[in-house]
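Chemist: Sending over a structure as structure tokens; questions will come in a sec.
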Amino acid sequence: MSNLNELYQQVILDHNKNPKNYGQLPPPCCSAEGKNPLCGDHIDVYLTIEDGIIKDLKFEGDGCAISKASASIMTTVLKGKPVEAANEYLEMFQDLVTSDQPNEEHKDKLGKMAIFRGVHEFPARVKCATLAWHTVKDAVEAN
Amino acid sequence: MMNQPLLHKKDSLTNIESARLSFPALDQSINDHPLVYFDNAATTHKPLSVLKSIDQFYSSYNSNVHRGVHSLSQKATELYEDARKTIQGFINAESTQEIIFVKGTTDAINLIAQTYGRSNIQAGDEILITEMEHHSNIVPWQILAEQNDCKLNIIPFNDNGELILENIDHLLTSKTKLVSIVHASNSLGTINPIETIIRKAHLKGIPVIIDAAQSIQHGKIDVQKLDCDFLAFSGHKIYGPTGIGVLYGKKALLEKMPPYQGGGDMISYVSFEKTTYNELPYKFEAGTPNIAGGIGLGAAIEFFQSYNINNIIAKEQALLKYGQQKLLEVPGLKLIGTAENKTALFSFVLKGIHPHDIGTILNQYGIAVRSGHHCTQPVMTHYKIPATVRASLVFYNTEREIDFLVEKLHAVNEVFK
């Protein structure tokens, strides 16, 4: 059962139960909707961008523990970062959860996100873990 | 396992109990646990006799059908047409001309929509379906509605997952040109009173399509007794291979319908000026068909018929009763779909835990369930939930497997406590 413990770490379970930055942001903000048609998961993200910096970031939606925790931790990671970081982090995160040998250099930058490495053993759940990240990218691009 | 003899003692209880031995894929471990296969509504496993029939076709008789004068082609044609006869007998169709081989239920419904539908349903006309249809019995009609400017009417269901038929006479209006209903729901398990609906529709002269994808493997269907106008099912849900299914239609209706696809085999004579179409059922079977699939489906139905259907029903209903009681022992578990008359299918949610997480954890113990909306999003909308976990059983499943599921659902609760 070690794979399972690796996937459902306490931090992930905690974020699932009590997600950070859950809710909406008042306009003007940019937002996007992310969907996983396969499972019906659904997420809305809201960003306030000022001078190229992500000032505030919130999310709302229905999803599994993995997608919810990933969204929650993502909001804490991206807040205060330049908008370009959204894309950069998505690529690093994608590498973390899909690669057989993820890039070691990313380790420090990924910080808390590194706990999602367990998803690698569950290919069916990669989409859950990356949904929020893709949605933020869409929101930034639509801005 | 592959050398296990097929124990067939017709009509005896032992026969049903040993059915499991005929399915090689059931005898394996997943994540170091014996496989508990509870995803039969998605697809059932295949018995040895089906696997052998496909192997034998490709290794001995491989050839195209309806074309060659050579021995192999004749043998292939004979086996393929024998399968059609087996299916005709199985659902008691009047003639093999009424048995059209298709890819599956989805293909069958699209065929009806684009042939019968396109030529008979006009602007302003209505098609009546139910709130619990699979997307495959919604979307083909929406496509037709766009093409022909017609509309869909919906028979609702109550919170137990049973159709509300009080207003059926009002839903069957003077504009209703077609009724298309699911016999057994793939996400709720409900078995619908199709006899009543067919009778009421026929009183107004409206033809009825039955989606039998989730009922054909759980009981006896007699199309003449039912008097349905069309009936569709998939081979892979009744122990046969994927990519093959059946559309039954009354001959009088099929004859008047235009062809679905053009190509080889469906013609009688082709010139650049005019083409005349082949007779039934070939008019609807353009191109080289899924020959091995048809033969495999014939073998699957012979396998199914080698059991007493009443024993299959009794076993599955016993599993249903047992599971319904046992599952309620799990704290926070809510069954979605509690109809009086249903198949051995348990759709459920666990308080505070997403179905995907449940599915992933159960898989670690070798339990295969489906989690998601099961291609019935309107059903999820009805219950205001994004998804359910679905455990769908057939007669090769056991009460012990249900016990194991219940035990591991307690473990799921532990992870998220």
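Chain lettering (A, B, ...) mirrors the order of the structure tokens, residue numbering begins at 1 for each chain separately, and ligand numbering begins at 1 in order of display.
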DSSP on the backbone, then: every residue of range 2-183 of chain B marked helix (DSSP H, G or I), written as an NGL selection string.
Modeler: :B and (13-17 or 19-22 or 24-26 or 48-61 or 71-91 or 96-98 or 105-120 or 135-137 or 139-148 or 168-171)
Chemist: For chain A, work out the contacting residues on chain B at 8 Å, counting only C-alpha atoms, and write them as a JSON list (two decimals) with C-alpha atoms, in the first residue's frame.
Modeler:
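Final output, saved to selection.json:
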```
[["chain", "number", "residue", "atom", "x", "y", "z"],
["B", 353, "ILE", "CA", -14.88, 11.61, -0.58],
["B", 354, "HIS", "CA", -14.75, 12.04, -4.33],
["B", 355, "PRO", "CA", -15.61, 8.93, -6.42],
["B", 356, "HIS", "CA", -12.24, 9.14, -8.19],
["B", 357, "ASP", "CA", -10.33, 8.81, -4.97],
["B", 361, "ILE", "CA", -7.97, 3.24, -3.56],
["B", 364, "GLN", "CA", -5.04, -0.85, -5.00],
["B", 371, "SER", "CA", -16.12, 6.25, -11.11],
["B", 372, "GLY", "CA", -17.46, 9.20, -13.02],
["B", 373, "HIS", "CA", -20.71, 10.34, -14.59],
["B", 386, "PRO", "CA", -20.63, 15.36, -10.13],
["B", 387, "ALA", "CA", -20.07, 11.61, -10.19],
["B", 415, "VAL", "CA", -7.74, 7.21, 4.64],
["B", 416, "PHE", "CA", -9.99, 10.28, 4.59]]
```
Chemist: Name the closest residue to Pro102 in chain A among the candidates A:His120, A:Ile73, A:Pro28, A:Thr130; distances are taken between atoms, counting only C-alpha atoms.
Modeler: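 The shortest atom-to-atom distance to Pro102 in chain A comes from A:His120.
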Chemist: Applying 12 Å and only C-alpha atoms, which residues near Glu88 in chain A remain after dropping the ones on its own chain fewer than 3 positions away? List them as a list in words.
Modeler: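 Here the qualifying residues turn out to be Leu78, Lys81, Pro82, Val83, Glu84, Ala85, Glu91, Met92, Phe93, Gln94, Asp95, His106, Lys109, Leu110, Trp133, His134, Val136 and Lys137 of chain A.
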Chemist: Since we have the selection now, will you write its residues out, keeping C-alpha atoms, as a PDB file, in the first residue's frame?
Modeler:
```
ATOM      1  CA  LEU A  78       1.691  31.405  -7.508  1.00  0.00           C
ATOM      2  CA  LYS A  81       4.759  35.609  -8.666  1.00  0.00           C
ATOM      3  CA  PRO A  82       5.038  37.178 -12.143  1.00  0.00           C
ATOM      4  CA  VAL A  83       2.388  35.916 -14.619  1.00  0.00           C
ATOM      5  CA  GLU A  84       5.056  34.107 -16.657  1.00  0.00           C
ATOM      6  CA  ALA A  85       5.576  31.836 -13.674  1.00  0.00           C
ATOM      7  CA  GLU A  91       5.859  22.671 -17.214  1.00  0.00           C
ATOM      8  CA  MET A  92       7.831  21.795 -14.094  1.00  0.00           C
ATOM      9  CA  PHE A  93       4.759  20.258 -12.490  1.00  0.00           C
ATOM     10  CA  GLN A  94       3.923  18.265 -15.619  1.00  0.00           C
ATOM     11  CA  ASP A  95       7.487  16.926 -15.590  1.00  0.00           C
ATOM     12  CA  HIS A 106      13.285  22.005 -10.277  1.00  0.00           C
ATOM     13  CA  LYS A 109      11.464  25.837  -7.069  1.00  0.00           C
ATOM     14  CA  LEU A 110       8.604  23.352  -6.806  1.00  0.00           C
ATOM     15  CA  TRP A 133      -2.456  24.472 -13.558  1.00  0.00           C
ATOM     16  CA  HIS A 134      -3.825  24.234 -17.085  1.00  0.00           C
ATOM     17  CA  VAL A 136      -4.528  29.149 -14.684  1.00  0.00           C
ATOM     18  CA  LYS A 137      -2.547  29.100 -17.908  1.00  0.00           C
TER      19      LYS A 137
END
```
Chemist: Skipping near chain neighbours, those fewer than 2 positions away, what residues fall within 10 Å of Ile43 in chain A using only C-alpha atoms, listed as a PyMOL selection string?
Modeler: chain A and resi 32-36+41+45+59-63+67-68+71+131-132+135
Chemist: List the spatial neighbours of Leu96 in chain A as a PDB file with C-alpha atoms, in the first residue's frame - criterion: any atom at most 12 Å away, only C-alpha atoms, same-chain residues fewer than 4 positions off excluded.
Modeler:
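Listing of selection.pdb after writing:
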```pdb
ATOM      1  CA  TYR A  89       5.413  26.043 -13.091  1.00  0.00           C
ATOM      2  CA  LEU A  90       2.950  24.116 -15.239  1.00  0.00           C
ATOM      3  CA  GLU A  91       5.859  22.671 -17.214  1.00  0.00           C
ATOM      4  CA  MET A  92       7.831  21.795 -14.094  1.00  0.00           C
ATOM      5  CA  ASP A 100      10.322   8.680 -14.927  1.00  0.00           C
ATOM      6  CA  GLN A 101      13.219  10.892 -13.869  1.00  0.00           C
ATOM      7  CA  PRO A 102      12.010  14.396 -13.083  1.00  0.00           C
ATOM      8  CA  ASN A 103      14.476  17.256 -13.422  1.00  0.00           C
ATOM      9  CA  GLU A 104      16.308  17.556 -10.089  1.00  0.00           C
ATOM     10  CA  GLU A 105      16.976  21.250 -10.646  1.00  0.00           C
ATOM     11  CA  HIS A 106      13.285  22.005 -10.277  1.00  0.00           C
ATOM     12  CA  LYS A 107      13.143  20.560  -6.802  1.00  0.00           C
ATOM     13  CA  LYS A 109      11.464  25.837  -7.069  1.00  0.00           C
ATOM     14  CA  LEU A 110       8.604  23.352  -6.806  1.00  0.00           C
ATOM     15  CA  GLY A 111       8.758  23.455  -3.014  1.00  0.00           C
ATOM     16  CA  MET A 113       4.319  20.959  -4.923  1.00  0.00           C
ATOM     17  CA  ALA A 114       6.904  18.145  -4.770  1.00  0.00           C
ATOM     18  CA  ILE A 115       4.505  16.050  -2.651  1.00  0.00           C
ATOM     19  CA  PHE A 116       2.577  15.356  -5.852  1.00  0.00           C
ATOM     20  CA  ARG A 117       5.381  13.114  -7.119  1.00  0.00           C
ATOM     21  CA  GLY A 118       3.251  10.139  -5.950  1.00  0.00           C
ATOM     22  CA  VAL A 119       0.805  10.843  -8.797  1.00  0.00           C
ATOM     23  CA  HIS A 120       3.473   9.506 -11.158  1.00  0.00           C
ATOM     24  CA  GLU A 121       2.517   5.956 -10.094  1.00  0.00           C
ATOM     25  CA  VAL A 126      -2.253  12.952 -13.863  1.00  0.00           C
ATOM     26  CA  ALA A 129      -3.322  16.868 -10.614  1.00  0.00           C
ATOM     27  CA  THR A 130      -2.675  19.209 -13.539  1.00  0.00           C
TER      28      THR A 130
END
```
Chemist: Considering only strand (DSSP E or B) as DSSP defines it on the backbone, what residues of chain A qualify? List them as a list in words.
Modeler: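 Matching residues for strand (DSSP E or B) in chain A are Tyr22, Cys30, Ser31, Ala32, Glu33, Gly34, Lys35, Asn36, Asp41, His42, Ile43, Asp44, Val45, Tyr46, Leu47, Thr48, Ile49, Glu50, Ile53, Ile54, Lys55, Asp56, Leu57, Lys58, Phe59, Glu60, Gly61, Asp62 and Pro82 of chain A.
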Chemist: Restricted to N, CA and C atoms, what would the selected residues look like written as a PDB file, in the first residue's frame?
Modeler:
```pdb
ATOM      1  N   TYR A  22     -10.090  29.349  -1.385  1.00  0.00           N
ATOM      2  CA  TYR A  22     -11.262  28.791  -2.046  1.00  0.00           C
ATOM      3  C   TYR A  22     -12.329  29.864  -2.165  1.00  0.00           C
ATOM      4  N   CYS A  30      -9.154  38.209 -14.017  1.00  0.00           N
ATOM      5  CA  CYS A  30      -9.310  37.311 -15.159  1.00  0.00           C
ATOM      6  C   CYS A  30      -9.623  35.924 -14.617  1.00  0.00           C
ATOM      7  N   SER A  31     -10.405  35.196 -15.375  1.00  0.00           N
ATOM      8  CA  SER A  31     -10.810  33.878 -14.883  1.00  0.00           C
ATOM      9  C   SER A  31     -10.854  32.893 -16.030  1.00  0.00           C
ATOM     10  N   ALA A  32     -10.875  31.636 -15.690  1.00  0.00           N
ATOM     11  CA  ALA A  32     -11.042  30.580 -16.700  1.00  0.00           C
ATOM     12  C   ALA A  32     -11.702  29.385 -16.040  1.00  0.00           C
ATOM     13  N   GLU A  33     -12.319  28.571 -16.885  1.00  0.00           N
ATOM     14  CA  GLU A  33     -13.001  27.384 -16.410  1.00  0.00           C
ATOM     15  C   GLU A  33     -12.247  26.174 -16.945  1.00  0.00           C
ATOM     16  N   GLY A  34     -11.951  25.225 -16.065  1.00  0.00           N
ATOM     17  CA  GLY A  34     -11.277  24.000 -16.499  1.00  0.00           C
ATOM     18  C   GLY A  34     -12.176  22.805 -16.269  1.00  0.00           C
ATOM     19  N   LYS A  35     -12.179  21.884 -17.240  1.00  0.00           N
ATOM     20  CA  LYS A  35     -13.054  20.719 -17.118  1.00  0.00           C
ATOM     21  C   LYS A  35     -12.297  19.461 -17.488  1.00  0.00           C
ATOM     22  N   ASN A  36     -12.629  18.394 -16.824  1.00  0.00           N
ATOM     23  CA  ASN A  36     -12.127  17.094 -17.235  1.00  0.00           C
ATOM     24  C   ASN A  36     -13.339  16.289 -17.696  1.00  0.00           C
ATOM     25  N   ASP A  41     -15.063  16.472 -13.593  1.00  0.00           N
ATOM     26  CA  ASP A  41     -14.454  17.435 -12.677  1.00  0.00           C
ATOM     27  C   ASP A  41     -14.474  18.820 -13.302  1.00  0.00           C
ATOM     28  N   HIS A  42     -14.564  19.817 -12.428  1.00  0.00           N
ATOM     29  CA  HIS A  42     -14.822  21.153 -12.904  1.00  0.00           C
ATOM     30  C   HIS A  42     -14.173  22.145 -11.951  1.00  0.00           C
ATOM     31  N   ILE A  43     -13.450  23.132 -12.491  1.00  0.00           N
ATOM     32  CA  ILE A  43     -12.791  24.131 -11.632  1.00  0.00           C
ATOM     33  C   ILE A  43     -12.867  25.509 -12.301  1.00  0.00           C
ATOM     34  N   ASP A  44     -13.075  26.536 -11.461  1.00  0.00           N
ATOM     35  CA  ASP A  44     -12.985  27.923 -11.935  1.00  0.00           C
ATOM     36  C   ASP A  44     -11.831  28.574 -11.202  1.00  0.00           C
ATOM     37  N   VAL A  45     -10.952  29.283 -11.924  1.00  0.00           N
ATOM     38  CA  VAL A  45      -9.892  30.030 -11.227  1.00  0.00           C
ATOM     39  C   VAL A  45     -10.046  31.521 -11.518  1.00  0.00           C
ATOM     40  N   TYR A  46      -9.682  32.324 -10.550  1.00  0.00           N
ATOM     41  CA  TYR A  46      -9.797  33.784 -10.644  1.00  0.00           C
ATOM     42  C   TYR A  46      -8.452  34.393 -10.292  1.00  0.00           C
ATOM     43  N   LEU A  47      -7.964  35.318 -11.109  1.00  0.00           N
ATOM     44  CA  LEU A  47      -6.681  35.979 -10.824  1.00  0.00           C
ATOM     45  C   LEU A  47      -6.821  37.492 -10.915  1.00  0.00           C
ATOM     46  N   THR A  48      -6.157  38.184  -9.996  1.00  0.00           N
ATOM     47  CA  THR A  48      -6.000  39.631 -10.137  1.00  0.00           C
ATOM     48  C   THR A  48      -4.543  39.864 -10.492  1.00  0.00           C
ATOM     49  N   ILE A  49      -4.308  40.517 -11.640  1.00  0.00           N
ATOM     50  CA  ILE A  49      -2.943  40.757 -12.087  1.00  0.00           C
ATOM     51  C   ILE A  49      -2.673  42.260 -12.082  1.00  0.00           C
ATOM     52  N   GLU A  50      -1.606  42.651 -11.419  1.00  0.00           N
ATOM     53  CA  GLU A  50      -1.206  44.077 -11.395  1.00  0.00           C
ATOM     54  C   GLU A  50       0.263  44.175 -11.751  1.00  0.00           C
ATOM     55  N   ILE A  53       2.192  41.083 -12.085  1.00  0.00           N
ATOM     56  CA  ILE A  53       2.338  40.217 -10.904  1.00  0.00           C
ATOM     57  C   ILE A  53       0.966  39.638 -10.533  1.00  0.00           C
ATOM     58  N   ILE A  54       0.950  38.348 -10.168  1.00  0.00           N
ATOM     59  CA  ILE A  54      -0.306  37.744  -9.701  1.00  0.00           C
ATOM     60  C   ILE A  54      -0.528  38.211  -8.271  1.00  0.00           C
ATOM     61  N   LYS A  55      -1.430  39.182  -8.124  1.00  0.00           N
ATOM     62  CA  LYS A  55      -1.683  39.786  -6.806  1.00  0.00           C
ATOM     63  C   LYS A  55      -2.536  38.865  -5.948  1.00  0.00           C
ATOM     64  N   ASP A  56      -3.556  38.303  -6.600  1.00  0.00           N
ATOM     65  CA  ASP A  56      -4.447  37.421  -5.842  1.00  0.00           C
ATOM     66  C   ASP A  56      -4.909  36.288  -6.755  1.00  0.00           C
ATOM     67  N   LEU A  57      -5.291  35.185  -6.134  1.00  0.00           N
ATOM     68  CA  LEU A  57      -5.609  33.971  -6.902  1.00  0.00           C
ATOM     69  C   LEU A  57      -6.558  33.117  -6.072  1.00  0.00           C
ATOM     70  N   LYS A  58      -7.699  32.764  -6.659  1.00  0.00           N
ATOM     71  CA  LYS A  58      -8.643  31.897  -5.945  1.00  0.00           C
ATOM     72  C   LYS A  58      -9.191  30.825  -6.876  1.00  0.00           C
ATOM     73  N   PHE A  59      -9.754  29.783  -6.296  1.00  0.00           N
ATOM     74  CA  PHE A  59     -10.375  28.740  -7.132  1.00  0.00           C
ATOM     75  C   PHE A  59     -11.636  28.234  -6.461  1.00  0.00           C
ATOM     76  N   GLU A  60     -12.454  27.591  -7.304  1.00  0.00           N
ATOM     77  CA  GLU A  60     -13.717  27.036  -6.834  1.00  0.00           C
ATOM     78  C   GLU A  60     -14.048  25.846  -7.734  1.00  0.00           C
ATOM     79  N   GLY A  61     -14.693  24.840  -7.216  1.00  0.00           N
ATOM     80  CA  GLY A  61     -15.099  23.758  -8.118  1.00  0.00           C
ATOM     81  C   GLY A  61     -15.322  22.432  -7.436  1.00  0.00           C
ATOM     82  N   ASP A  62     -15.640  21.435  -8.267  1.00  0.00           N
ATOM     83  CA  ASP A  62     -15.877  20.065  -7.815  1.00  0.00           C
ATOM     84  C   ASP A  62     -14.744  19.193  -8.325  1.00  0.00           C
ATOM     85  N   PRO A  82       5.373  36.587 -10.850  1.00  0.00           N
ATOM     86  CA  PRO A  82       5.038  37.178 -12.143  1.00  0.00           C
ATOM     87  C   PRO A  82       4.166  36.219 -12.962  1.00  0.00           C
TER      88      PRO A  82
END
```
Chemist: Which neighbours of Ile402 in chain B fall inside 8 Å, counting only C-alpha atoms, when residues of the same chain fewer than 4 positions from it are skipped, and could you give them as an NGL selection string?
Modeler: :B and (323 or 326 or 398 or 406)
Chemist: Those residues with C-alpha atoms, as a short mmCIF file (atom, residue, chain, number, x, y, z; two decimals), in the first residue's frame please?
Modeler:
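New file out.cif:
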```
data_model
loop_
_atom_site.label_atom_id
_atom_site.label_comp_id
_atom_site.auth_asym_id
_atom_site.auth_seq_id
_atom_site.Cartn_x
_atom_site.Cartn_y
_atom_site.Cartn_z
CA GLY B 323 -25.11 -5.92 -1.77
CA LYS B 326 -24.08 -4.89 3.04
CA THR B 398 -19.89 -13.58 -5.66
CA VAL B 406 -17.41 -3.38 1.82
#
```
Chemist: Which neighbours of His135 in chain B fall inside 7 Å, counting only C-alpha atoms, when residues of the same chain fewer than 2 positions from it are skipped, and could you give them as a list in words?
Modeler: Glu133, Asn137, Ile138, Val139, Cys375 and Thr376 of chain B
Chemist: Expressed in Å to a single decimal, how great is the separation between CA of Ala286 in chain B and CA of Met266 in chain B?
Modeler: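 According to the coordinates, CA of Ala286 in chain B and CA of Met266 in chain B are separated by 4.9 Å.
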Chemist: Which one of B:Thr360, B:Asn153, B:Thr242, B:Asn158 sits closest to Val179 in chain B if you count only C-alpha atoms?
Modeler: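 Closest to Val179 in chain B of all the choices is B:Asn153.
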Chemist: To one decimal in Å, tell me the separation between CA of Met132 in chain B and CA of Val379 in chain B.
Modeler: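 Here the two named atoms are 5.7 Å from each other.
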